[in-house]
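Chemist: Take a look at the following structure, please.
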Amino acid sequence: MASSHSATTAPAIDETLKQLGVDPKRGLTTAEAQSRLAKYGPNALAEEKKSDLAEFLGYFWGPIPWMIEAAALTALLVQDWGDFTIITGLLLFNAVLGFWEEHAASDALESLKNSLALRARVLRDGAWREIDAATLVPGDVVRLYLGDVVPADCQLLDGDYLSVDQAALTGESLPVTKKPGDDAYSGSIVKQGEMVGVVTATGSNTFFGRTAKLVAVAGNASHFQQAVLKIGNFLIILAVVLAAVLVADQLFKMRGRYDRAELLRLTELVLILLVASVPVAMPAVLSVTIALGSRMLARKKAIVSRLESIEELAGIDVLCSDKTGTLTQNKLTLGEPKPWPGTDDPTLILMGSLASRKADNDPIDLAVMAGLKDAAVLASYTPVEYVPFDPVRKRTEATVKDSTGKQFRVTKGAPQVIIELAKLAGDDAAQANKTVDDFAAHGYRTIAVAHGDASGAWQFLGILPLFDPPRVDSKETVARAEQYGVTVKMVTGDDVAIARQIATQLGMGANIQPADELFPGDVTKGQIPLDATEKIEQADGFARVFPEHKYAIVKLLQQAGHIVGMTGDGVNDAPALKQADVGIAVSGATEAARAAAALILTAPGLSVIVEGIAEARRIFERMSGYVLYRIAMTIAIMGFVVLASMYYGFFPLTPIMIIALALLDDVPIMTIAFDNTPVPPKPVRWQFQEMLTVSSVLGLLAVIQSFTLLYLGDAVMHLSELRLQTMMFLQLVAGGHLMLFVTRSRHAFWMPPYPNARLFWAITATQVAAVMMCGFGWLVPQLSWRTIGLVWLYNLAWMAALDVVKLALYRIVGGHDGGIVPFLHTLKRPLDPSAGLHHRRSRLTAND
């Protein structure tokens, strides 16, 4: 059958290579690749992008710009050129601010996308090299390994076979076996084997790319967007209702004596008031905050693949961490070998080395080969076939010829797998297991080695111990995770004894559950014991773990109400990484694991994950403080203006003052993304009721604060109506920004961490500007410096009172945990281009 297949495929391969004009032994030259890249374009689906001018003009179209434009038109109709100029200035300022913030967020996202770019191994100028998959061109010769995402449509040229998962593309539930001459499609995942192929199509010309042109994929709003849209809609409805009350009250007071100029003035003021009160900038501010926060995460070697992953990262309460390379250094050293009777140390190490491949740079392979006294001995053996390690078989296998031409097989891998393969039983099996346990008790990992003869039988040769010490910072990092309310559980394929020994060293506990005993049935068929959940929750770690066990562990922890993070690096870890609330692809993970993960590490160690959790919580604290402030100030401004207008019969603010208030408010909020915030001591949650309660109470108290000052200015200080308006303008500017100091932290406002310098000086600058306007009479009637000082003392006293109320409210409605509001315009947008293709393919498959 094999010969028939090769006979029929060889001509097809030769024809393909001829059409593509490439030598499979040398690949394309750099010049040819550049020429073809210019001809065919990048290996990516084209994205439609607006020009900068079109984006900027877009900020003049929409409900909020329409209201500002209508206010400018009414000012024009009554020929109030001062108001018209300032209102137009507000329109331009909002457009520039929105454009700048959108670009800041886009730049942050672009840098993250570049960090997640898919890589490919390509033969160019006769040498293998690694390049960005986006620069592949038809005719490139590529090598595909276990765990790779196929970077472009390829025809396979050389190798035994490739087992490819193309379910997301074609809907086939089982991996498909490919041989030379077959096609491998862009985006499918290599499950087993390795082969060389030639690229036949890239970008939009691939199998998926042609289909994608016919389908428009609609994105669903995330629950973050839904939550903040709920808040935004609440504030808009509240502002519109209060505005309607104000208009009705003014029309009633006119008692039918309608004057065109007065009606236009009322219309202008109400429109401007709505613009100042409605949270126009909230989506943009939160977009920038979370995007820049993601860039900070990337600097700390933790890259989020989707921005919405940050909420889950901030909410993790159980982290299942791989042992090797994350908790330990992954620097293996060969210990004293334990040969089986009939074998000696050099032979055991030699056979283990023959079952290794230096080119793979596998730490175990390198450690075993380093144990050879003379590496030149390997030159007398010729490799015939090599089957690399995969997480299911848990062993490598090589077919080798010695110098006499005799062919034999060698294998190395997990002791329990090799013991079963060699069919050890009785005392032999007991002795082998005891040796493994003895080594484990002293902190050694172990691999077993076996030799296969022509009959197919395997002979057990012995055990090689490998020592992988814990990372220097692991114990401290585990303790810090516990302080953050995160329970760290070890996950390892090693035996129970070594897992327990490492876990004990790190202070994680000694309750290590063997996964094969925890799940004695086939977990892929849902055969899970009833008591498994309780055991998993109580366990400090899991040993003898296969990929399907990882998935079951995550699923059961989630069913118990936990937000779960799970680390992984192999192609078979992808289901567990997808199922986890935060799948974490560790440093050096396969492309398949990276595509499935929500968080991708670019440096090894648990500390990277824990610092990522802390940074995610800081990001949400920034957004929480801002949203509290925005709700409170909408209530404060609209509530006060409506109440004062109804009670006193005049508007407490002029249109100019409202515009200036909106402009001065916009300056500090641009710096919120950089604010210093504490790390909440426990996982955070979105709690709409708590958020609304705290902000509404603060907003209503701010209405009382402003109305009381208006009363004092009228009844006690006997200020004129014009100076009362200036005083209330200063009150709202000062009180608003002092409110921001109150809401930015769940602790007392004077406690560290203190505001970031950018935020502090932005607020200081706006306050100085407001004081100068009032003191020198710029655009507003002049106030005495004594009155300005009294207003500030009054606001400082209220700031302290509001902070006490805030602390009391948090104790009443929700303690000091949670209460976080996440949002981002583009939360659903995948940052990894390959992940985006997978998402769209899955939608295509579902539509089929």
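Labeling convention for the structure tokens: chains A, B, ... as they appear, residues from 1 per chain, ligands from 1 in order of appearance.
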I'd like the neighbourhood of range 667-679 of chain A as number ranges by chain, where a residue qualifies if any of its atoms comes within 7 Å (using only C-alpha atoms), though same-chain residues fewer than 3 positions away should be ignored.
Modeler: A: 285, 288-289, 292, 614, 617-618, 621-622, 663-664, 753-756, 758-759, 762-763
Chemist: According to DSSP computed on the backbone, where in range 548-682 of chain A is there strand (DSSP E)? Give the residues as a list in words.
Modeler: Val564, Gly565, Met566, Thr567, Gly568, Val582, Gly583, Ile584, Ala585, Leu599, Ile600 and Leu601 of chain A
Chemist: Quick check, in Å to one decimal: how far apart do CA of Lys434 in chain A and CA of Ala448 in chain A lie?
Modeler: 13.1 Å
Chemist: Give me the residues within 6 Å of range 312-326 of chain A as a PyMOL selection string, counting only C-alpha atoms and dropping any in the same chain fewer than 3 places off.
Modeler: chain A and resi 309+329-330+486-492+563-567+604-606+613+616-617+683-684
Chemist: May I ask which of the residues A:Met282, A:Val804, A:Met508, A:Leu661 is the closest one to Tyr626 in chain A, counting only C-alpha atoms?
Modeler: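 Under the stated criterion, the closest residue is A:Met282.
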Chemist: List the neighbours of range 638-650 of chain A out to 10 Å using only C-alpha atoms; skip same-chain residues closer than 2 positions along the sequence, and give me the result as a PyMOL selection string.
Modeler: chain A and resi 238-247+249-250+253+273-274+276-278+633-636+652-654+699-700+702-707+710-711+714+721+725+728+732
Chemist: For the selection just defined, write its residues with N, CA, C and O atoms to a file, as a compact mmCIF listing (two decimals), in the first residue's frame.
Modeler:
# COMPACT_ATOMS: atom_id res chain seq x y z
N LEU A 238 -30.91 58.54 33.32
CA LEU A 238 -31.04 59.43 34.47
C LEU A 238 -30.86 60.88 34.04
O LEU A 238 -31.65 61.76 34.43
N ALA A 239 -29.82 61.14 33.22
CA ALA A 239 -29.55 62.51 32.78
C ALA A 239 -30.69 63.05 31.92
O ALA A 239 -31.11 64.21 32.08
N VAL A 240 -31.21 62.22 31.03
CA VAL A 240 -32.31 62.65 30.15
C VAL A 240 -33.58 62.92 30.95
O VAL A 240 -34.28 63.92 30.71
N VAL A 241 -33.87 62.07 31.93
CA VAL A 241 -35.07 62.27 32.77
C VAL A 241 -34.95 63.57 33.55
O VAL A 241 -35.90 64.38 33.62
N LEU A 242 -33.77 63.82 34.15
CA LEU A 242 -33.58 65.05 34.91
C LEU A 242 -33.63 66.27 34.00
O LEU A 242 -34.16 67.32 34.38
N ALA A 243 -33.08 66.12 32.79
CA ALA A 243 -33.14 67.22 31.82
C ALA A 243 -34.59 67.51 31.44
O ALA A 243 -34.99 68.68 31.30
N ALA A 244 -35.39 66.46 31.27
CA ALA A 244 -36.81 66.63 30.93
C ALA A 244 -37.55 67.35 32.07
O ALA A 244 -38.40 68.22 31.83
N VAL A 245 -37.20 66.99 33.32
CA VAL A 245 -37.80 67.66 34.48
C VAL A 245 -37.44 69.15 34.47
O VAL A 245 -38.29 70.01 34.72
N LEU A 246 -36.16 69.42 34.15
CA LEU A 246 -35.70 70.81 34.10
C LEU A 246 -36.44 71.60 33.03
O LEU A 246 -36.92 72.72 33.28
N VAL A 247 -36.58 71.02 31.84
CA VAL A 247 -37.27 71.70 30.74
C VAL A 247 -38.74 71.93 31.10
O VAL A 247 -39.28 73.03 30.90
N ASP A 249 -40.03 72.22 34.05
CA ASP A 249 -40.12 73.25 35.09
C ASP A 249 -39.96 74.65 34.48
O ASP A 249 -40.72 75.57 34.83
N GLN A 250 -39.01 74.80 33.55
CA GLN A 250 -38.79 76.11 32.94
C GLN A 250 -39.97 76.53 32.07
O GLN A 250 -40.38 77.70 32.07
N LYS A 253 -42.74 77.71 34.22
CA LYS A 253 -42.51 79.05 34.77
C LYS A 253 -42.73 80.13 33.72
O LYS A 253 -43.05 81.28 34.05
N LEU A 273 -25.53 70.74 29.14
CA LEU A 273 -25.59 70.07 30.44
C LEU A 273 -25.56 68.55 30.27
O LEU A 273 -24.88 67.83 31.01
N LEU A 274 -26.29 68.05 29.27
CA LEU A 274 -26.28 66.61 28.99
C LEU A 274 -24.88 66.14 28.58
O LEU A 274 -24.41 65.09 29.02
N ALA A 276 -22.05 67.48 29.45
CA ALA A 276 -21.16 67.49 30.62
C ALA A 276 -21.49 66.37 31.59
O ALA A 276 -20.61 65.92 32.32
N SER A 277 -22.73 65.90 31.61
CA SER A 277 -23.15 64.92 32.61
C SER A 277 -23.03 63.48 32.13
O SER A 277 -22.67 62.60 32.91
N VAL A 278 -23.36 63.26 30.86
CA VAL A 278 -23.33 61.89 30.34
C VAL A 278 -21.88 61.41 30.27
O VAL A 278 -20.98 62.18 29.91
N MET A 633 -20.42 61.70 39.76
CA MET A 633 -20.41 63.06 39.23
C MET A 633 -21.59 63.32 38.30
O MET A 633 -22.07 64.46 38.22
N THR A 634 -22.06 62.31 37.58
CA THR A 634 -23.27 62.50 36.76
C THR A 634 -24.45 62.87 37.64
O THR A 634 -25.21 63.80 37.35
N ILE A 635 -24.58 62.13 38.74
CA ILE A 635 -25.67 62.43 39.69
C ILE A 635 -25.46 63.79 40.31
O ILE A 635 -26.40 64.59 40.45
N ALA A 636 -24.19 64.10 40.67
CA ALA A 636 -23.89 65.36 41.35
C ALA A 636 -24.22 66.57 40.48
O ALA A 636 -24.83 67.55 40.95
N PRO A 652 -27.87 77.67 37.97
CA PRO A 652 -26.69 77.92 38.81
C PRO A 652 -25.38 77.93 38.01
O PRO A 652 -24.33 78.27 38.56
N LEU A 653 -25.46 77.55 36.72
CA LEU A 653 -24.26 77.56 35.87
C LEU A 653 -24.64 78.14 34.51
O LEU A 653 -25.73 77.90 34.00
N THR A 654 -23.73 78.89 33.92
CA THR A 654 -23.93 79.38 32.56
C THR A 654 -23.42 78.34 31.57
O THR A 654 -22.65 77.45 31.94
N GLY A 699 -22.83 60.37 45.10
CA GLY A 699 -23.39 61.37 44.21
C GLY A 699 -24.47 62.20 44.86
O GLY A 699 -24.51 63.43 44.72
N LEU A 700 -25.36 61.55 45.61
CA LEU A 700 -26.44 62.28 46.31
C LEU A 700 -25.87 63.19 47.39
O LEU A 700 -26.36 64.32 47.58
N ALA A 702 -22.97 64.58 47.24
CA ALA A 702 -22.35 65.68 46.50
C ALA A 702 -23.41 66.71 46.09
O ALA A 702 -23.13 67.93 46.06
N VAL A 703 -24.63 66.25 45.77
CA VAL A 703 -25.74 67.18 45.47
C VAL A 703 -26.04 68.02 46.71
O VAL A 703 -26.20 69.26 46.63
N ILE A 704 -26.11 67.36 47.86
CA ILE A 704 -26.36 68.08 49.13
C ILE A 704 -25.24 69.07 49.41
O ILE A 704 -25.47 70.21 49.83
N GLN A 705 -23.99 68.63 49.14
CA GLN A 705 -22.83 69.49 49.34
C GLN A 705 -22.95 70.77 48.52
O GLN A 705 -22.77 71.88 49.04
N SER A 706 -23.27 70.63 47.23
CA SER A 706 -23.35 71.80 46.34
C SER A 706 -24.54 72.68 46.70
O SER A 706 -24.42 73.92 46.73
N PHE A 707 -25.68 72.06 46.98
CA PHE A 707 -26.88 72.84 47.29
C PHE A 707 -26.69 73.62 48.59
O PHE A 707 -27.14 74.77 48.72
N LEU A 710 -24.62 76.64 47.87
CA LEU A 710 -25.44 77.63 47.17
C LEU A 710 -26.32 78.38 48.17
O LEU A 710 -26.44 79.62 48.11
N TYR A 711 -26.88 77.66 49.11
CA TYR A 711 -27.72 78.29 50.15
C TYR A 711 -26.89 79.25 51.00
O TYR A 711 -27.32 80.39 51.27
N ASP A 714 -26.05 82.41 49.14
CA ASP A 714 -27.21 83.30 48.97
C ASP A 714 -27.66 83.90 50.29
O ASP A 714 -27.78 85.12 50.42
N GLU A 721 -26.35 87.01 41.97
CA GLU A 721 -26.64 85.81 41.17
C GLU A 721 -25.44 85.43 40.30
O GLU A 721 -25.10 84.24 40.18
N GLN A 725 -23.12 81.94 40.63
CA GLN A 725 -22.83 81.01 39.54
C GLN A 725 -21.33 80.69 39.47
O GLN A 725 -20.94 79.52 39.31
N MET A 728 -20.41 78.36 42.31
CA MET A 728 -20.85 76.98 42.10
C MET A 728 -20.02 76.29 41.00
O MET A 728 -19.80 75.08 41.06
N LEU A 732 -18.04 72.81 41.81
CA LEU A 732 -18.16 71.57 41.05
C LEU A 732 -16.81 71.11 40.49
O LEU A 732 -16.53 69.91 40.42
Chemist: To one decimal place, how far is CA of Tyr59 in chain A from CA of Val275 in chain A in Å?
Modeler: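 A separation of 14.1 Å between them.
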Chemist: Could you tell me which of A:Arg786, A:Arg744, A:Arg685, A:His103 comes closest to Glu311 in chain A if we count only C-alpha atoms?
Modeler: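 The closest residue to Glu311 in chain A is A:Arg685.
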Chemist: If you count only C-alpha atoms, which residues fall within 6 Å of range 688-696 of chain A, apart from same-chain ones fewer than 5 positions away, as a list in words?
Modeler: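 After dropping sequence-adjacent residues, the list is Leu628, Ile631 and Ala632 of chain A.
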Chemist: Hey, which of A:Ala585, A:Ala479, A:Leu77, A:Val523 ends up closest to Gly509 in chain A? Count only C-alpha atoms.
Modeler: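 Using only C-alpha atoms, Gly509 in chain A sits closest to A:Ala479.
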Chemist: How many Å separate CA of Leu599 in chain A from CA of Pro575 in chain A?
Modeler: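 So the answer is 14.6 Å.
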Chemist: Rank A:Leu461, A:Leu144, A:Val400, A:Leu73 by their smallest atom-to-atom distance to Val196 in chain A, using only C-alpha atoms, and report the top residue only.
Modeler: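 Closest to Val196 in chain A, using only C-alpha atoms: A:Leu144.
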Chemist: Considering only C-alpha atoms, state which residue in the set A:His442, A:His451, A:Arg260, A:Lys401 is at the smallest distance from Leu348 in chain A.
Modeler: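 Answer, going by the shortest atom-to-atom distance: A:His451.
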Chemist: Could you give me, as a ChimeraX atom specification, each residue of range 366-570 of chain A that DSSP assigns to alpha helix (DSSP H) when run on this structure's backbone?
Modeler: /A:366-370,415-421,426-441,474-483,496-505,515-518,532-538,547-559
Chemist: Against range 12-19 of chain A, which residues of range 66-150 of chain A fall within 12 Å? For each one I want the closest pair of atoms and the distance in Å (one decimal), counting only C-alpha atoms, rows by chain and increasing residue number, as CSV.
Modeler:
residue,atom,partner,partner_atom,distance
A:Pro138,CA,A:Gln19,CA,10.2
A:Gly139,CA,A:Leu17,CA,7.5
A:Asp140,CA,A:Leu17,CA,10.2
A:Val141,CA,A:Leu17,CA,10.0
Chemist: Using only C-alpha atoms, determine which residues lie at most 9 Å from Asp158 in chain A, disregarding the query and same-chain residues fewer than 5 positions distant; provide the list as a count of residues only.
Modeler: 6
